[in-house]
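*Asks:* Dropping a structure here in structure tokens format, bear with me for questions.
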Amino acid sequence: MSDNWIVEILQNALNTWNAKLNEVWGLITESPENFKGGTAWGVIKNVHGSLKAMGYGLLVLFFVMGVVKTCGSFAEVKRPEVAVKMFIRFALAEAAITHGMELLMAILSVCQGGVSEIMGSGGADGQAPLSVPTSIVTAIESVGFLDSIPLWIVSLIASLLVTALSFVVVLTVYSRFFKLYFHGAIAPVALASFAGEPSQGIGKSFLKSYAGACMEGAVILLSCVIYSALAASEPTVTDTTVVNMVWSYIGELAFNLLVLVGAVRLADSTVRQMLGL
């Protein structure tokens, strides 16, 4: 590694990104049950269990509302096909409330399998740490003292930007866990809506939202893989002037990271658009 002060500033920023990227890999593949020792998940399971009573009460309410709104008269309810259909809907809704946590964990397990496939095929687990390209190091070392002053200022700003946005990416991954926790806690209330045909849209929206939160990990992972590949490649330089070459590299580094953070922050809506949720 060069002992040039500008190179050290840029490399320190990339080292911060490398560290945060490794943290992101671990967080995305970690189950909510094991996150931070599982303490928060234990609380969510207690809340989930306490809300089952409310879910069963809403189950009956939504079922009665569904019968009233979908059947024109009591005689229609006595028809065998209608009665069987309503019974099956009621039984499935009751089973969803009883085994709601298992249902959510099964959906998460499927989504986590997709995340693991992306990580393996994208080479994320064997990706080399980012470092300043050799051509940029050589260019910086050849710059005189006066020309190095503006480069130092720009590299310092870029370093601070990369460091700050690295923390934003990690915080976004943490927020995904909170979404999974919220869905797990209120699941009995939302799943009770499947008891009535008019109210089933609430349950569908809930499951779509939960699936989107689960698949956020895939979008975040893919965004980080793409950014790392772009940052590791040689910068595109049209002007061979040393100063312009360094400025171009710093600009690409910061701009690509801004795009990455934007993609990560919009991960939930991106998943919804891709899956038609």
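Convention: chains lettered A, B, ... in structure tokens order; per-chain residue numbering from 1; ligands numbered from 1 as shown.
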Can you list every residue of range 40-72 of chain A that has an atom at most 12 Å from range 91-101 of chain A, with its nearest atom pair and the distance in Å to one decimal, using only C-alpha atoms, ordered by chain then number, as CSV?
*Replies:*
```
residue,atom,partner,partner_atom,distance
A:Trp41,CA,A:Met101,CA,11.2
A:Ile44,CA,A:Met101,CA,10.1
A:Lys45,CA,A:Met101,CA,8.0
A:Asn46,CA,A:Met101,CA,11.1
A:Val47,CA,A:Met101,CA,11.3
A:His48,CA,A:Met101,CA,7.9
A:Gly49,CA,A:Thr98,CA,9.1
A:Ser50,CA,A:Ile97,CA,11.7
A:Leu51,CA,A:Ile97,CA,9.6
A:Lys52,CA,A:Ile97,CA,6.7
A:Ala53,CA,A:Ile97,CA,9.5
A:Met54,CA,A:Ile97,CA,10.1
A:Gly55,CA,A:Ile97,CA,6.8
A:Tyr56,CA,A:Glu94,CA,7.2
A:Gly57,CA,A:Glu94,CA,10.5
A:Leu58,CA,A:Glu94,CA,10.4
A:Leu59,CA,A:Glu94,CA,7.2
A:Val60,CA,A:Glu94,CA,9.5
A:Phe62,CA,A:Ala93,CA,10.2
A:Phe63,CA,A:Ala93,CA,9.4
```
*Asks:* Please dump the current selection as a PDB file, in the first residue's frame; keep C-alpha atoms.
*Replies:*
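File written: selection_16.pdb
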```
ATOM      1  CA  TRP A  41     -37.544 -12.561  18.748  1.00  0.00           C
ATOM      2  CA  ILE A  44     -42.153 -10.909  19.430  1.00  0.00           C
ATOM      3  CA  LYS A  45     -43.241 -14.507  20.017  1.00  0.00           C
ATOM      4  CA  ASN A  46     -44.801 -13.500  23.346  1.00  0.00           C
ATOM      5  CA  VAL A  47     -46.674 -10.626  21.698  1.00  0.00           C
ATOM      6  CA  HIS A  48     -47.733 -12.927  18.872  1.00  0.00           C
ATOM      7  CA  GLY A  49     -49.101 -15.446  21.364  1.00  0.00           C
ATOM      8  CA  SER A  50     -50.988 -12.817  23.339  1.00  0.00           C
ATOM      9  CA  LEU A  51     -52.628 -11.475  20.170  1.00  0.00           C
ATOM     10  CA  LYS A  52     -53.968 -14.888  19.212  1.00  0.00           C
ATOM     11  CA  ALA A  53     -56.968 -14.353  21.488  1.00  0.00           C
ATOM     12  CA  MET A  54     -57.767 -11.138  19.646  1.00  0.00           C
ATOM     13  CA  GLY A  55     -57.221 -12.958  16.368  1.00  0.00           C
ATOM     14  CA  TYR A  56     -59.759 -15.651  17.255  1.00  0.00           C
ATOM     15  CA  GLY A  57     -62.268 -12.981  18.238  1.00  0.00           C
ATOM     16  CA  LEU A  58     -61.757 -11.170  14.942  1.00  0.00           C
ATOM     17  CA  LEU A  59     -61.985 -14.524  13.175  1.00  0.00           C
ATOM     18  CA  VAL A  60     -65.590 -14.907  14.265  1.00  0.00           C
ATOM     19  CA  PHE A  62     -64.928 -11.395   9.998  1.00  0.00           C
ATOM     20  CA  PHE A  63     -66.683 -14.698   9.360  1.00  0.00           C
TER      21      PHE A  63
END
```
*Asks:* Compile a residue-level contact table for range 4-94 of chain A against range 112-121 of chain A at a cut-off of 12 Å, reporting for every qualifying residue the shortest atom pair and its distance in Å to one decimal, with only C-alpha atoms counted, rows ordered by chain and ascending number, as a tab-separated table.
*Replies:*
```
residue	atom	partner	partner_atom	distance
A:Val24	CA	A:Met119	CA	11.6
A:Trp25	CA	A:Met119	CA	8.5
A:Gly26	CA	A:Met119	CA	11.1
A:Leu27	CA	A:Gln112	CA	11.4
A:Ile28	CA	A:Val115	CA	7.9
A:Thr29	CA	A:Gln112	CA	6.7
A:Glu30	CA	A:Gln112	CA	8.8
A:Ser31	CA	A:Gln112	CA	8.5
A:Pro32	CA	A:Gln112	CA	11.3
```
*Asks:* How would the residues just picked look written out with all heavy atoms as a PDB file, in the first residue's frame?
*Replies:*
```
ATOM      1  N   VAL A  24     -23.034  -6.663   6.396  1.00  0.00           N
ATOM      2  CA  VAL A  24     -24.287  -6.809   5.648  1.00  0.00           C
ATOM      3  C   VAL A  24     -24.491  -8.259   5.236  1.00  0.00           C
ATOM      4  O   VAL A  24     -25.596  -8.802   5.345  1.00  0.00           O
ATOM      5  CB  VAL A  24     -24.288  -5.883   4.412  1.00  0.00           C
ATOM      6  CG1 VAL A  24     -25.434  -6.243   3.461  1.00  0.00           C
ATOM      7  CG2 VAL A  24     -24.417  -4.435   4.840  1.00  0.00           C
ATOM      8  N   TRP A  25     -23.410  -8.916   4.733  1.00  0.00           N
ATOM      9  CA  TRP A  25     -23.525 -10.326   4.347  1.00  0.00           C
ATOM     10  C   TRP A  25     -24.060 -11.152   5.511  1.00  0.00           C
ATOM     11  O   TRP A  25     -24.944 -11.995   5.339  1.00  0.00           O
ATOM     12  CB  TRP A  25     -22.168 -10.896   3.934  1.00  0.00           C
ATOM     13  CG  TRP A  25     -21.479 -10.336   2.723  1.00  0.00           C
ATOM     14  CD1 TRP A  25     -20.139 -10.373   2.487  1.00  0.00           C
ATOM     15  CD2 TRP A  25     -22.040  -9.681   1.577  1.00  0.00           C
ATOM     16  NE1 TRP A  25     -19.832  -9.768   1.293  1.00  0.00           N
ATOM     17  CE2 TRP A  25     -20.979  -9.341   0.706  1.00  0.00           C
ATOM     18  CE3 TRP A  25     -23.329  -9.327   1.199  1.00  0.00           C
ATOM     19  CZ2 TRP A  25     -21.175  -8.684  -0.496  1.00  0.00           C
ATOM     20  CZ3 TRP A  25     -23.529  -8.661  -0.001  1.00  0.00           C
ATOM     21  CH2 TRP A  25     -22.482  -8.355  -0.832  1.00  0.00           C
ATOM     22  N   GLY A  26     -23.482 -10.927   6.698  1.00  0.00           N
ATOM     23  CA  GLY A  26     -23.900 -11.702   7.864  1.00  0.00           C
ATOM     24  C   GLY A  26     -25.331 -11.417   8.281  1.00  0.00           C
ATOM     25  O   GLY A  26     -26.084 -12.337   8.620  1.00  0.00           O
ATOM     26  N   LEU A  27     -25.729 -10.145   8.237  1.00  0.00           N
ATOM     27  CA  LEU A  27     -27.068  -9.775   8.678  1.00  0.00           C
ATOM     28  C   LEU A  27     -28.144 -10.293   7.734  1.00  0.00           C
ATOM     29  O   LEU A  27     -29.218 -10.737   8.178  1.00  0.00           O
ATOM     30  CB  LEU A  27     -27.181  -8.255   8.796  1.00  0.00           C
ATOM     31  CG  LEU A  27     -26.399  -7.602   9.941  1.00  0.00           C
ATOM     32  CD1 LEU A  27     -26.475  -6.086   9.833  1.00  0.00           C
ATOM     33  CD2 LEU A  27     -26.937  -8.064  11.288  1.00  0.00           C
ATOM     34  N   ILE A  28     -27.878 -10.252   6.437  1.00  0.00           N
ATOM     35  CA  ILE A  28     -28.888 -10.662   5.464  1.00  0.00           C
ATOM     36  C   ILE A  28     -29.164 -12.159   5.559  1.00  0.00           C
ATOM     37  O   ILE A  28     -30.304 -12.607   5.384  1.00  0.00           O
ATOM     38  CB  ILE A  28     -28.435 -10.270   4.039  1.00  0.00           C
ATOM     39  CG1 ILE A  28     -28.526  -8.756   3.858  1.00  0.00           C
ATOM     40  CG2 ILE A  28     -29.277 -10.965   2.980  1.00  0.00           C
ATOM     41  CD1 ILE A  28     -28.074  -8.269   2.512  1.00  0.00           C
ATOM     42  N   THR A  29     -28.130 -12.934   5.822  1.00  0.00           N
ATOM     43  CA  THR A  29     -28.306 -14.385   5.895  1.00  0.00           C
ATOM     44  C   THR A  29     -28.701 -14.867   7.286  1.00  0.00           C
ATOM     45  O   THR A  29     -28.925 -16.067   7.479  1.00  0.00           O
ATOM     46  CB  THR A  29     -26.993 -15.088   5.482  1.00  0.00           C
ATOM     47  OG1 THR A  29     -25.914 -14.625   6.312  1.00  0.00           O
ATOM     48  CG2 THR A  29     -26.658 -14.793   4.032  1.00  0.00           C
ATOM     49  N   GLU A  30     -28.798 -13.966   8.244  1.00  0.00           N
ATOM     50  CA  GLU A  30     -29.135 -14.353   9.611  1.00  0.00           C
ATOM     51  C   GLU A  30     -30.644 -14.376   9.818  1.00  0.00           C
ATOM     52  O   GLU A  30     -31.371 -13.520   9.306  1.00  0.00           O
ATOM     53  CB  GLU A  30     -28.490 -13.396  10.614  1.00  0.00           C
ATOM     54  CG  GLU A  30     -28.607 -13.841  12.055  1.00  0.00           C
ATOM     55  CD  GLU A  30     -27.769 -12.989  12.992  1.00  0.00           C
ATOM     56  OE1 GLU A  30     -27.352 -11.887  12.578  1.00  0.00           O
ATOM     57  OE2 GLU A  30     -27.535 -13.421  14.125  1.00  0.00           O
ATOM     58  N   SER A  31     -31.114 -15.344  10.545  1.00  0.00           N
ATOM     59  CA  SER A  31     -32.538 -15.472  10.840  1.00  0.00           C
ATOM     60  C   SER A  31     -32.924 -14.536  11.979  1.00  0.00           C
ATOM     61  O   SER A  31     -32.112 -14.299  12.883  1.00  0.00           O
ATOM     62  CB  SER A  31     -32.865 -16.913  11.216  1.00  0.00           C
ATOM     63  OG  SER A  31     -34.182 -17.028  11.706  1.00  0.00           O
ATOM     64  N   PRO A  32     -34.145 -13.996  11.957  1.00  0.00           N
ATOM     65  CA  PRO A  32     -34.597 -13.157  13.084  1.00  0.00           C
ATOM     66  C   PRO A  32     -34.562 -13.893  14.415  1.00  0.00           C
ATOM     67  O   PRO A  32     -34.429 -13.262  15.474  1.00  0.00           O
ATOM     68  CB  PRO A  32     -36.035 -12.801  12.687  1.00  0.00           C
ATOM     69  CG  PRO A  32     -36.082 -12.938  11.210  1.00  0.00           C
ATOM     70  CD  PRO A  32     -35.138 -14.054  10.879  1.00  0.00           C
TER      71      PRO A  32
END
```
*Asks:* So that I can check the surroundings of Leu171 in chain A, please list as JSON, numbers by chain every protein, DNA and RNA residue that reaches within 12 Å of it, counting only C-alpha atoms and ignoring chain neighbours fewer than 5 positions away.
*Replies:* {"A": [20, 21, 23, 24, 27, 28, 164, 165, 166, 176, 177, 178, 220, 261, 264, 265]}
*Asks:* Would you write out those residues with C-alpha atoms, as an mmCIF file, in the first residue's frame?
*Replies:*
```cif
data_model
loop_
_atom_site.group_PDB
_atom_site.id
_atom_site.type_symbol
_atom_site.label_atom_id
_atom_site.label_comp_id
_atom_site.auth_asym_id
_atom_site.auth_seq_id
_atom_site.Cartn_x
_atom_site.Cartn_y
_atom_site.Cartn_z
ATOM 1 C CA LYS A 20 -19.660 -2.863 6.593
ATOM 2 C CA LEU A 21 -20.167 -5.079 3.547
ATOM 3 C CA GLU A 23 -21.519 -7.094 8.238
ATOM 4 C CA VAL A 24 -24.287 -6.809 5.648
ATOM 5 C CA LEU A 27 -27.068 -9.775 8.678
ATOM 6 C CA ILE A 28 -28.888 -10.662 5.464
ATOM 7 C CA ALA A 164 -21.564 7.790 6.015
ATOM 8 C CA LEU A 165 -23.383 5.917 3.261
ATOM 9 C CA SER A 166 -21.838 2.633 4.409
ATOM 10 C CA ARG A 176 -35.532 -4.988 7.625
ATOM 11 C CA PHE A 177 -35.385 -6.949 10.880
ATOM 12 C CA PHE A 178 -37.818 -4.493 12.463
ATOM 13 C CA ILE A 220 -29.881 -5.308 -0.910
ATOM 14 C CA VAL A 261 -27.990 3.571 -1.231
ATOM 15 C CA VAL A 264 -31.224 -0.202 -0.951
ATOM 16 C CA ARG A 265 -33.583 2.386 0.507
#
```
*Asks:* Write out as a PyMOL selection string which residues come within 12 Å of Glu8 in chain A when counting only C-alpha atoms, dropping same-chain ones fewer than 4 positions away.
*Replies:* chain A and resi 1-4+12-15+131-132+137+140-141+152+155-156+159
*Asks:* Need the shell around Ile149 in chain A: protein/DNA/RNA residues with any atom at most 12 Å away, counting only C-alpha atoms. Skip same-chain ones fewer than 4 positions apart. Format as a PyMOL selection string?
*Replies:* chain A and resi 5-6+140+143-145+153-156+243
*Asks:* Report the distance between CA of Leu257 in chain A and CA of Leu160 in chain A in Å, rounded to one decimal place.
*Replies:*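 Pair CA of Leu257 in chain A / CA of Leu160 in chain A returns 12.1 Å.
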*Asks:* Can you measure CA of Ala229 in chain A to CA of Leu260 in chain A for me? One decimal in Å is fine.
*Replies:*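 CA of Ala229 in chain A sits 11.9 Å away from CA of Leu260 in chain A.
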*Asks:* In Å, how far is it from CA of Gly66 in chain A to CA of Lys208 in chain A?
*Replies:*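 Atom-to-atom, CA of Gly66 in chain A to CA of Lys208 in chain A, that is 21.8 Å.
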*Asks:* Using only C-alpha atoms, which residue out of A:Lys204, A:Phe87, A:Tyr249, A:Val110 lies closest to Ala192 in chain A?
*Replies:* A:Lys204
*Asks:* With distances taken over only C-alpha atoms, which of A:Val7, A:Val225, A:Met86, A:Leu130 is nearest to Ser142 in chain A?
*Replies:*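 With only C-alpha atoms as the atom set, the closest residue is A:Val7.
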*Asks:* Go through A:Ile107, A:Val259, A:Ile88, A:Ile157 one by one, measure the shortest atom-to-atom distance of each to Ala213 in chain A using only C-alpha atoms, and give the residue with the smallest value.
*Replies:*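 With only C-alpha atoms as the atom set, the closest residue is A:Ile107.
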